[in-house]
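Take a look at the structure below.
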Amino acid sequence: MAAALMRFSSVRLLAATLSPYGVHQKHGQISNQRRQFSNTYISVEMDDATGVAVMKMKRPPVNSLNLELLTEFAISLEKLEIDRGCRGVILTSAIPKIFSAGLDITEMCGKNADHYGEFWRALQEMWLKLYGSNMVTIAAINGSSPAGGCLLAVSCDYRIMADNKKYTIGLNETQLGIVAPFWFKDIMTDTIGHRATERSLELGMLYSPTDALKIGLVDEVVAEDKVLSTASAVMAQWFAVPDHARQLTKSMMRKPNLDRLVTHREADIKNFVSFISRDSIQKSLQIYMEMLKKKGS
Amino acid sequence: MAAALMRFSSVRLLAATLSPYGVHQKHGQISNQRRQFSNTYISVEMDDATGVAVMKMKRPPVNSLNLELLTEFAISLEKLEIDRGCRGVILTSAIPKIFSAGLDITEMCGKNADHYGEFWRALQEMWLKLYGSNMVTIAAINGSSPAGGCLLAVSCDYRIMADNKKYTIGLNETQLGIVAPFWFKDIMTDTIGHRATERSLELGMLYSPTDALKIGLVDEVVAEDKVLSTASAVMAQWFAVPDHARQLTKSMMRKPNLDRLVTHREADIKNFVSFISRDSIQKSLQIYMEMLKKKGS
Amino acid sequence: MAAALMRFSSVRLLAATLSPYGVHQKHGQISNQRRQFSNTYISVEMDDATGVAVMKMKRPPVNSLNLELLTEFAISLEKLEIDRGCRGVILTSAIPKIFSAGLDITEMCGKNADHYGEFWRALQEMWLKLYGSNMVTIAAINGSSPAGGCLLAVSCDYRIMADNKKYTIGLNETQLGIVAPFWFKDIMTDTIGHRATERSLELGMLYSPTDALKIGLVDEVVAEDKVLSTASAVMAQWFAVPDHARQLTKSMMRKPNLDRLVTHREADIKNFVSFISRDSIQKSLQIYMEMLKKKGS
């Protein structure tokens with residue numbers, strides 16, 4: 001029996017033993033320093049000692065996802081993905097009280113079909129890179145996270161949200177008169193189940209951190225000033241698993257969703273462009289934008 | 001930040017603002033009155049002021065679903081679907097203590113293959129219309145709801161059940177020696193998950209309102225005399241979402257299940273007819289019916 | 001109304017009434033005695049009075065699943081499946097503190113490709129028989145149950161685990177640097193949902209009985225000395241349902257998963273053989289085995 005009991009208690013030890021082959025496989029040439037690179041709307045701080053990059057969105061006032069931010073997001077991720085020193089990314093916001101408000105409505109309003117198409121393709125591209133990343137991705141949700149903001153969070157491997165009743169998270173597209181595309185729906189269903197997704201998407205529900213935790217939309221709710229440190233601690237747990245086995249498993253779980261978008265990518269763009277170009281939708285969005293302007297001024 | 005916070009709090013307001021394009025889109029020519037139409041087994045009261053129809057099953061003693069009731073059900077729904085004044089349906093029972101006992105066994109016993117086929121097609125037709133409805137559908141479950149009764153409830157957008165320990169709900173077909181078809185199984189799985197469905201269908205389990213709430217088979221349990229008023233209040237919440245966005249979302253969630261039945265419709269009928277025509281099944285059902293007769297007399 | 005109420009309360013009675021056609025359908029020639037058959041690693045005790053077989057794994061020290069055990073397992077199940085007197089199987093361990101430690105690593109280490117292929121095929125064969133069984137299968141989990149041990153449990157119709165904090169259950173393959181195949185993942189997803197499976201498989205999580213119950217990985221946790229008697233009591237509940245209806249329902253729920261493995265069986269073998277033959281994987285497993293040997297001696 002001794003051998004049997006050993007077998008289970010020694011697993012963590014084994015993971016450490018395996019280091020040369022798995023755990024730190026991307027650590028080819030590590031140098032003990034922090035590196036930074038920054039674009040207009042995305043800043044990245046890479047810690048070579050830990051293998052963790054912190055990626056911050058910084059587009060005031062609400063980190064709304066415009067074409068440029070989405071493009072920088074995808075490029076930054078790609079850069080980290082091929083960086084042998086980087087094994088995990090913590091995604092967070094540089095702006096207080098908001099994680100991301102989701103898609104920038106100005107990109108979907110009063111522009112032409114070509115622009116809408118380019119914008120939607122950039123969104124798809126960002127998502128394929130984030131959801132399909134080989135790295136461990138942790139969302140440190142330090143503020144509200146509706147619509148596209150929620151998509152970012154749900155695409156990560158793990159979600160930690162700040163414990164503040166004023167913050168909400170959810171796919172609330174229908175409330176604006178628009179519709180979440182099938183790939184938002186697919187990963188929402190995988191995260192909280194079909195029934196909760198159906199109700200939540202049809203009503204455009206936004207959840208408090210506590211309620212989000214209850215339905216499994218986030219994995220953990222912690223004090224506002226502990227979000228980043230908790231993300232680091234969780235990252236260490238994920239790093240204890242041999243990378244190659246974790247990556248193959250992640251790919252097995254996520255490939256069907258990735259494949260579905262890749263297969264239907266052009267149809268999805270066409271569908272978005274045609275929907276958003278409707279007069280009725282454009283009118284709704286214009287009313288909404290004017291309302292925002294008035295209130296914001 | 002003001003703009004950001006506005007953005008979230010003003011969403012409800014927006015929904016109201018959108019009214020001309022979305023929220024009340026079906027209100028072409030409204031007249032401020034209640035209209036009623038009634039068949040043998042279904043009665044409908046349509047309130048033009050609210051856009052809500054209350055549809056009641058009234059086939060004593062237990063609202064069992066015979067060919068005629070199913071046909072009237074489908075026709076009534078179709079009528080409401082094309083009524084521009086109707087945006088939502090509350091489905092309930094006119095008979096105390098019972099929502100619906102499910103399929104009428106006399107339709108499945110001692111008849112010929114043609115009859116079984118016609119009956120099954122009517123059931124499919126009713127379901128395609130109810131589950132695929134563009135309207136908001138709320139089940140006000142004011143009594144027991146086994147088998148086909150449970151199917152009706154699970155096909156709606158929302159389920160409110162009367163808080164009475166004597167009432168039960170579930171797909172208990174196996175207890176009668178018969179089998180729920182794949183499309184019952186599909187929507188049950190979407191509602192309560194695969195594992196709960198597997199166990200529940202194999203054992204033919206019936207749940208109390210409290211247990212049904214716990215596994216997510218119903219969304220809310222309220223005092224018996226509050227079922228209808230709660231349904232109206234919930235309907236108002238669903239009406240706050242622009243119709244076109246809610247409808248597109250509902251269709252996205254439900255299309256795979258609808259498509260599956262449409263594709264396999266004839267095979268499903270053939271399968272039912274062949275199963276129900278077996279001598280052993282007919283014998284079981286006859287024993288069961290005689291037992292009911294004796295006990296009922 | 002009397003008839004209506006009867007309808008629901010008489011269902012259990014009906015099941016009994018149906019006996020000649022359904023409930024005891026496999027009881028062709030019953031004899032009131034216990035029969036036993038035993039192989040090297042599997043022993044079976046069949047009780048003709050109840051229709052229940054107890055199947056025990058007995059391969060010290062930890063019931064690790066080697067080629068021979070897997071083969072005997074499949075043959076024993078097949079034997080019970082065609083035994084008209086047997087309607088249900090309780091699967092348990094003859095060894096204290098361990099249900100099964102999963103696949104025997106010596107079968108995956110230092111052998112040739114043909115051997116790996118043969119081993120994997122035997123695992124698939126055992127699983128197809130267990131997961132696809134027409135009998136009621138109940139796992140009486142009287143000890144730890146990692147990896148392949150967890151697969152055995154999750155393949156049954158119902159899981160009862162001993163209430164002992166030292167015992168754990170889960171698909172912890174990644175912790176050993178290996179990957180659970182798609183069919184382990186499929187039934188895990190059906191049991192505990194997509195999100196819990198993703199996290200659990202990527203991290204190689206092992207759950208205490210209490211935590212396993214919380215996420216639905218087991219159905220019941222009982223005192224260690226009540227595991228077998230509870231299994232018998234639960235079996236009686238499952239036997240109350242007419243066999244043919246329960247079997248058709250089980251098949252409807254499980255066929256997609258069975259079909260997927262049958263369809264991709266050769267590719268799955270090829271994939272396993274190629275993965276396990278990698279130098280890096282072989283090195284990891286050797287280190288692990290030497291560690292076990294040292295600790296065990």
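Residues are referred to by chain and number: the chain letter is A, B, ... according to the order shown in the structure tokens, the number counts from 1 in that chain, and ligands are numbered separately from 1 in the order shown.
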Taking the chain letters and numbering used in this document, name the residues of range 222-284 of chain A that DSSP puts in alpha helix (DSSP H), as an mmCIF file with N, CA, C and O atoms, in the first residue's frame.
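This went into result23.cif:
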```cif
data_model
loop_
_atom_site.group_PDB
_atom_site.id
_atom_site.type_symbol
_atom_site.label_atom_id
_atom_site.label_comp_id
_atom_site.auth_asym_id
_atom_site.auth_seq_id
_atom_site.Cartn_x
_atom_site.Cartn_y
_atom_site.Cartn_z
ATOM 1 N N VAL A 227 -6.936 41.510 -6.800
ATOM 2 C CA VAL A 227 -7.210 40.854 -8.082
ATOM 3 C C VAL A 227 -5.915 40.425 -8.775
ATOM 4 O O VAL A 227 -5.769 39.270 -9.190
ATOM 5 N N LEU A 228 -4.949 41.328 -8.844
ATOM 6 C CA LEU A 228 -3.708 41.006 -9.554
ATOM 7 C C LEU A 228 -2.855 39.980 -8.799
ATOM 8 O O LEU A 228 -2.295 39.061 -9.404
ATOM 9 N N SER A 229 -2.769 40.116 -7.495
ATOM 10 C CA SER A 229 -1.950 39.159 -6.737
ATOM 11 C C SER A 229 -2.584 37.767 -6.768
ATOM 12 O O SER A 229 -1.885 36.754 -6.852
ATOM 13 N N THR A 230 -3.915 37.715 -6.744
ATOM 14 C CA THR A 230 -4.593 36.421 -6.863
ATOM 15 C C THR A 230 -4.309 35.806 -8.231
ATOM 16 O O THR A 230 -4.056 34.599 -8.348
ATOM 17 N N ALA A 231 -4.338 36.647 -9.260
ATOM 18 C CA ALA A 231 -4.048 36.147 -10.616
ATOM 19 C C ALA A 231 -2.653 35.524 -10.669
ATOM 20 O O ALA A 231 -2.452 34.461 -11.266
ATOM 21 N N SER A 232 -1.685 36.156 -10.008
ATOM 22 C CA SER A 232 -0.324 35.610 -9.987
ATOM 23 C C SER A 232 -0.277 34.271 -9.256
ATOM 24 O O SER A 232 0.399 33.330 -9.697
ATOM 25 N N ALA A 233 -0.999 34.186 -8.152
ATOM 26 C CA ALA A 233 -1.004 32.946 -7.379
ATOM 27 C C ALA A 233 -1.657 31.811 -8.170
ATOM 28 O O ALA A 233 -1.163 30.680 -8.196
ATOM 29 N N VAL A 234 -2.760 32.128 -8.843
ATOM 30 C CA VAL A 234 -3.445 31.115 -9.651
ATOM 31 C C VAL A 234 -2.537 30.681 -10.806
ATOM 32 O O VAL A 234 -2.443 29.501 -11.145
ATOM 33 N N MET A 235 -1.851 31.650 -11.388
ATOM 34 C CA MET A 235 -0.937 31.333 -12.491
ATOM 35 C C MET A 235 0.088 30.290 -12.053
ATOM 36 O O MET A 235 0.395 29.346 -12.797
ATOM 37 N N ALA A 236 0.588 30.440 -10.852
ATOM 38 C CA ALA A 236 1.586 29.484 -10.343
ATOM 39 C C ALA A 236 1.010 28.071 -10.289
ATOM 40 O O ALA A 236 1.708 27.094 -10.606
ATOM 41 N N GLN A 237 -0.263 27.962 -9.911
ATOM 42 C CA GLN A 237 -0.912 26.635 -9.899
ATOM 43 C C GLN A 237 -0.974 26.037 -11.307
ATOM 44 O O GLN A 237 -0.721 24.845 -11.498
ATOM 45 N N TRP A 238 -1.324 26.858 -12.262
ATOM 46 C CA TRP A 238 -1.424 26.361 -13.639
ATOM 47 C C TRP A 238 -0.024 26.003 -14.167
ATOM 48 O O TRP A 238 0.122 25.082 -14.975
ATOM 49 N N PHE A 239 0.992 26.742 -13.718
ATOM 50 C CA PHE A 239 2.362 26.465 -14.177
ATOM 51 C C PHE A 239 2.895 25.148 -13.601
ATOM 52 O O PHE A 239 3.876 24.609 -14.092
ATOM 53 N N ASP A 243 3.585 21.866 -19.337
ATOM 54 C CA ASP A 243 2.980 22.674 -20.406
ATOM 55 C C ASP A 243 2.408 21.848 -21.553
ATOM 56 O O ASP A 243 1.304 22.099 -22.022
ATOM 57 N N HIS A 244 3.177 20.876 -22.033
ATOM 58 C CA HIS A 244 2.741 20.188 -23.258
ATOM 59 C C HIS A 244 1.424 19.429 -23.013
ATOM 60 O O HIS A 244 0.557 19.403 -23.881
ATOM 61 N N ALA A 245 1.286 18.832 -21.831
ATOM 62 C CA ALA A 245 0.060 18.085 -21.538
ATOM 63 C C ALA A 245 -1.121 19.045 -21.366
ATOM 64 O O ALA A 245 -2.223 18.787 -21.860
ATOM 65 N N ARG A 246 -0.874 20.169 -20.684
ATOM 66 C CA ARG A 246 -1.932 21.159 -20.509
ATOM 67 C C ARG A 246 -2.373 21.734 -21.854
ATOM 68 O O ARG A 246 -3.567 21.901 -22.114
ATOM 69 N N GLN A 247 -1.398 22.009 -22.715
ATOM 70 C CA GLN A 247 -1.711 22.604 -24.021
ATOM 71 C C GLN A 247 -2.509 21.654 -24.912
ATOM 72 O O GLN A 247 -3.470 22.056 -25.576
ATOM 73 N N LEU A 248 -2.108 20.381 -24.916
ATOM 74 C CA LEU A 248 -2.840 19.408 -25.734
ATOM 75 C C LEU A 248 -4.278 19.270 -25.222
ATOM 76 O O LEU A 248 -5.223 19.143 -26.003
ATOM 77 N N THR A 249 -4.426 19.310 -23.903
ATOM 78 C CA THR A 249 -5.757 19.198 -23.306
ATOM 79 C C THR A 249 -6.605 20.424 -23.632
ATOM 80 O O THR A 249 -7.762 20.308 -24.024
ATOM 81 N N LYS A 250 -5.994 21.602 -23.501
ATOM 82 C CA LYS A 250 -6.719 22.829 -23.832
ATOM 83 C C LYS A 250 -7.173 22.819 -25.285
ATOM 84 O O LYS A 250 -8.314 23.169 -25.603
ATOM 85 N N SER A 251 -6.283 22.394 -26.146
ATOM 86 C CA SER A 251 -6.611 22.347 -27.565
ATOM 87 C C SER A 251 -7.767 21.370 -27.819
ATOM 88 O O SER A 251 -8.688 21.658 -28.591
ATOM 89 N N MET A 252 -7.735 20.226 -27.143
ATOM 90 C CA MET A 252 -8.824 19.242 -27.295
ATOM 91 C C MET A 252 -10.165 19.850 -26.882
ATOM 92 O O MET A 252 -11.190 19.635 -27.522
ATOM 93 N N MET A 253 -10.157 20.640 -25.797
ATOM 94 C CA MET A 253 -11.405 21.229 -25.299
ATOM 95 C C MET A 253 -11.917 22.344 -26.224
ATOM 96 O O MET A 253 -13.116 22.557 -26.335
ATOM 97 N N ARG A 254 -10.992 23.092 -26.840
ATOM 98 C CA ARG A 254 -11.400 24.323 -27.527
ATOM 99 C C ARG A 254 -11.430 24.237 -29.052
ATOM 100 O O ARG A 254 -11.989 25.109 -29.720
ATOM 101 N N LYS A 255 -10.815 23.193 -29.601
ATOM 102 C CA LYS A 255 -10.709 23.109 -31.053
ATOM 103 C C LYS A 255 -12.067 23.168 -31.773
ATOM 104 O O LYS A 255 -12.184 23.877 -32.787
ATOM 105 N N PRO A 256 -13.092 22.476 -31.291
ATOM 106 C CA PRO A 256 -14.375 22.536 -32.005
ATOM 107 C C PRO A 256 -14.884 23.975 -32.169
ATOM 108 O O PRO A 256 -15.348 24.351 -33.248
ATOM 109 N N ASN A 257 -14.785 24.789 -31.128
ATOM 110 C CA ASN A 257 -15.243 26.175 -31.228
ATOM 111 C C ASN A 257 -14.379 26.993 -32.178
ATOM 112 O O ASN A 257 -14.884 27.815 -32.940
ATOM 113 N N LEU A 258 -13.067 26.788 -32.104
ATOM 114 C CA LEU A 258 -12.157 27.506 -32.999
ATOM 115 C C LEU A 258 -12.448 27.122 -34.447
ATOM 116 O O LEU A 258 -12.554 27.991 -35.327
ATOM 117 N N ASP A 259 -12.572 25.821 -34.680
ATOM 118 C CA ASP A 259 -12.830 25.340 -36.047
ATOM 119 C C ASP A 259 -14.118 25.926 -36.609
ATOM 120 O O ASP A 259 -14.194 26.274 -37.783
ATOM 121 N N ARG A 260 -15.135 26.006 -35.755
ATOM 122 C CA ARG A 260 -16.426 26.508 -36.227
ATOM 123 C C ARG A 260 -16.307 27.937 -36.733
ATOM 124 O O ARG A 260 -16.849 28.281 -37.775
ATOM 125 N N LEU A 261 -15.576 28.783 -36.014
ATOM 126 C CA LEU A 261 -15.437 30.153 -36.513
ATOM 127 C C LEU A 261 -14.576 30.198 -37.773
ATOM 128 O O LEU A 261 -14.912 30.892 -38.737
ATOM 129 N N VAL A 262 -13.486 29.443 -37.765
ATOM 130 C CA VAL A 262 -12.620 29.446 -38.946
ATOM 131 C C VAL A 262 -13.423 29.020 -40.179
ATOM 132 O O VAL A 262 -13.343 29.642 -41.248
ATOM 133 N N THR A 263 -14.241 27.986 -40.023
ATOM 134 C CA THR A 263 -15.047 27.482 -41.139
ATOM 135 C C THR A 263 -16.079 28.509 -41.617
ATOM 136 O O THR A 263 -16.311 28.659 -42.811
ATOM 137 N N HIS A 264 -16.704 29.199 -40.672
ATOM 138 C CA HIS A 264 -17.808 30.091 -41.032
ATOM 139 C C HIS A 264 -17.412 31.563 -40.965
ATOM 140 O O HIS A 264 -18.271 32.439 -40.868
ATOM 141 N N ARG A 265 -16.110 31.802 -41.023
ATOM 142 C CA ARG A 265 -15.624 33.165 -40.803
ATOM 143 C C ARG A 265 -16.205 34.181 -41.777
ATOM 144 O O ARG A 265 -16.691 35.241 -41.369
ATOM 145 N N GLU A 266 -16.164 33.879 -43.061
ATOM 146 C CA GLU A 266 -16.646 34.846 -44.056
ATOM 147 C C GLU A 266 -18.161 35.047 -43.939
ATOM 148 O O GLU A 266 -18.656 36.174 -44.039
ATOM 149 N N ALA A 267 -18.878 33.960 -43.703
ATOM 150 C CA ALA A 267 -20.335 34.075 -43.532
ATOM 151 C C ALA A 267 -20.660 34.927 -42.306
ATOM 152 O O ALA A 267 -21.617 35.717 -42.316
ATOM 153 N N ASP A 268 -19.859 34.777 -41.266
ATOM 154 C CA ASP A 268 -20.077 35.533 -40.037
ATOM 155 C C ASP A 268 -19.852 37.031 -40.295
ATOM 156 O O ASP A 268 -20.600 37.872 -39.782
ATOM 157 N N ILE A 269 -18.838 37.360 -41.066
ATOM 158 C CA ILE A 269 -18.580 38.764 -41.410
ATOM 159 C C ILE A 269 -19.741 39.324 -42.231
ATOM 160 O O ILE A 269 -20.283 40.395 -41.942
ATOM 161 N N LYS A 270 -20.108 38.572 -43.267
ATOM 162 C CA LYS A 270 -21.192 38.992 -44.147
ATOM 163 C C LYS A 270 -22.475 39.231 -43.342
ATOM 164 O O LYS A 270 -23.185 40.223 -43.544
ATOM 165 N N ASN A 271 -22.741 38.323 -42.455
ATOM 166 C CA ASN A 271 -23.921 38.405 -41.615
ATOM 167 C C ASN A 271 -23.899 39.661 -40.737
ATOM 168 O O ASN A 271 -24.883 40.398 -40.640
ATOM 169 N N PHE A 272 -22.744 39.939 -40.124
ATOM 170 C CA PHE A 272 -22.622 41.130 -39.288
ATOM 171 C C PHE A 272 -22.804 42.395 -40.118
ATOM 172 O O PHE A 272 -23.557 43.304 -39.735
ATOM 173 N N VAL A 273 -22.124 42.472 -41.241
ATOM 174 C CA VAL A 273 -22.177 43.677 -42.075
ATOM 175 C C VAL A 273 -23.613 43.947 -42.519
ATOM 176 O O VAL A 273 -24.089 45.086 -42.449
ATOM 177 N N SER A 274 -24.291 42.892 -42.938
ATOM 178 C CA SER A 274 -25.650 43.087 -43.425
ATOM 179 C C SER A 274 -26.588 43.513 -42.286
ATOM 180 O O SER A 274 -27.447 44.386 -42.460
ATOM 181 N N PHE A 275 -26.409 42.928 -41.110
ATOM 182 C CA PHE A 275 -27.261 43.283 -39.972
ATOM 183 C C PHE A 275 -27.022 44.727 -39.525
ATOM 184 O O PHE A 275 -27.951 45.505 -39.347
ATOM 185 N N ILE A 276 -25.757 45.066 -39.355
ATOM 186 C CA ILE A 276 -25.419 46.373 -38.787
ATOM 187 C C ILE A 276 -25.721 47.498 -39.787
ATOM 188 O O ILE A 276 -25.884 48.654 -39.391
ATOM 189 N N ASP A 279 -31.070 50.083 -41.759
ATOM 190 C CA ASP A 279 -31.466 51.422 -41.322
ATOM 191 C C ASP A 279 -31.927 51.439 -39.865
ATOM 192 O O ASP A 279 -31.537 52.319 -39.088
ATOM 193 N N SER A 280 -32.762 50.455 -39.522
ATOM 194 C CA SER A 280 -33.329 50.455 -38.164
ATOM 195 C C SER A 280 -32.223 50.317 -37.111
ATOM 196 O O SER A 280 -32.252 50.975 -36.079
ATOM 197 N N ILE A 281 -31.236 49.463 -37.383
ATOM 198 C CA ILE A 281 -30.143 49.277 -36.430
ATOM 199 C C ILE A 281 -29.281 50.537 -36.355
ATOM 200 O O ILE A 281 -28.900 50.992 -35.268
ATOM 201 N N GLN A 282 -28.983 51.130 -37.497
ATOM 202 C CA GLN A 282 -28.193 52.359 -37.503
ATOM 203 C C GLN A 282 -28.907 53.462 -36.717
ATOM 204 O O GLN A 282 -28.279 54.177 -35.945
ATOM 205 N N LYS A 283 -30.205 53.586 -36.910
ATOM 206 C CA LYS A 283 -30.967 54.612 -36.174
ATOM 207 C C LYS A 283 -30.865 54.376 -34.668
ATOM 208 O O LYS A 283 -30.632 55.301 -33.899
ATOM 209 N N SER A 284 -31.051 53.114 -34.245
ATOM 210 C CA SER A 284 -30.979 52.789 -32.814
ATOM 211 C C SER A 284 -29.617 53.174 -32.248
ATOM 212 O O SER A 284 -29.509 53.790 -31.185
#
```
**Request:** Could you list the residues in chain B lying within 6 Å of chain C, using only C-alpha atoms, and format the result as a list in words?
**Result:** Pro61, Val62, Thr174, Gln175, Gly177, Ile178, Val179, His194, Arg195, Glu202 and Gly296 of chain B
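Neighbours of Ser145 in chain A closer than or equal to 10 Å, with only C-alpha atoms counted and sequence neighbours fewer than 3 positions away skipped, come out as Val62, Asn63, Lys97, Ile98, Phe99, Ser100, Ala101, Gly102, Ile141, Asn142, Gly148, Gly149, Cys150, Leu151, Leu152, Ala153, Met161, Tyr167, Thr168, Ile169, Gly170, Leu171, Leu206 and Tyr207 of chain A.
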Could you turn the residues from that selection into a file that holds C-alpha atoms, as a PDB file, in the first residue's frame?
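File written: part_0.pdb
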```pdb
ATOM      1  CA  VAL A  62     -13.970  52.729 -20.994  1.00  0.00           C
ATOM      2  CA  ASN A  63     -11.554  50.572 -22.992  1.00  0.00           C
ATOM      3  CA  LYS A  97     -13.663  50.718 -12.578  1.00  0.00           C
ATOM      4  CA  ILE A  98     -13.807  49.312 -16.094  1.00  0.00           C
ATOM      5  CA  PHE A  99     -12.361  46.141 -17.596  1.00  0.00           C
ATOM      6  CA  SER A 100     -13.732  46.801 -21.061  1.00  0.00           C
ATOM      7  CA  ALA A 101     -17.052  48.219 -22.232  1.00  0.00           C
ATOM      8  CA  GLY A 102     -16.963  45.981 -25.293  1.00  0.00           C
ATOM      9  CA  ILE A 141     -11.450  41.640 -14.148  1.00  0.00           C
ATOM     10  CA  ASN A 142     -10.931  44.857 -12.230  1.00  0.00           C
ATOM     11  CA  GLY A 148     -17.223  42.316 -25.806  1.00  0.00           C
ATOM     12  CA  GLY A 149     -15.563  42.842 -22.412  1.00  0.00           C
ATOM     13  CA  CYS A 150     -17.280  39.686 -21.213  1.00  0.00           C
ATOM     14  CA  LEU A 151     -16.123  37.882 -24.364  1.00  0.00           C
ATOM     15  CA  LEU A 152     -12.498  38.705 -23.492  1.00  0.00           C
ATOM     16  CA  ALA A 153     -12.944  37.324 -19.979  1.00  0.00           C
ATOM     17  CA  MET A 161     -13.332  39.480 -10.595  1.00  0.00           C
ATOM     18  CA  TYR A 167     -19.301  46.183 -11.462  1.00  0.00           C
ATOM     19  CA  THR A 168     -21.229  43.939 -13.808  1.00  0.00           C
ATOM     20  CA  ILE A 169     -20.394  41.320 -16.403  1.00  0.00           C
ATOM     21  CA  GLY A 170     -22.467  39.652 -19.122  1.00  0.00           C
ATOM     22  CA  LEU A 171     -23.395  39.478 -22.784  1.00  0.00           C
ATOM     23  CA  LEU A 206     -25.556  41.781 -16.590  1.00  0.00           C
ATOM     24  CA  TYR A 207     -24.439  40.043 -13.394  1.00  0.00           C
TER      25      TYR A 207
END
```
**Request:** Quick one: pull the distance between CA of Ala223 in chain B and CA of Lys56 in chain B, Å, one decimal.
**Result:** 19.1 Å
**Asked** Expressed in Å to a single decimal, how great is the separation between CA of Met126 in chain B and CA of Glu78 in chain B?
**Response** 9.5 Å
**Prompt:** Quick one: DSSP strand (DSSP E or B) residues in range 39-274 of chain B, as number ranges by chain?
**Reply:** B: 42-47, 52-57, 65, 88-93, 97-98, 103, 136-141, 143-146, 158-162, 169-170, 207, 220-222
**Message:** Excluding Leu77 in chain C and its own-chain neighbours fewer than 4 positions away, which residues fall within 12 Å of it when counting only C-alpha atoms? Please give them as a PyMOL selection string.
**Reply:** chain C and resi 37+42-44+46+53-56+70-73+81-83+86-91+125-137
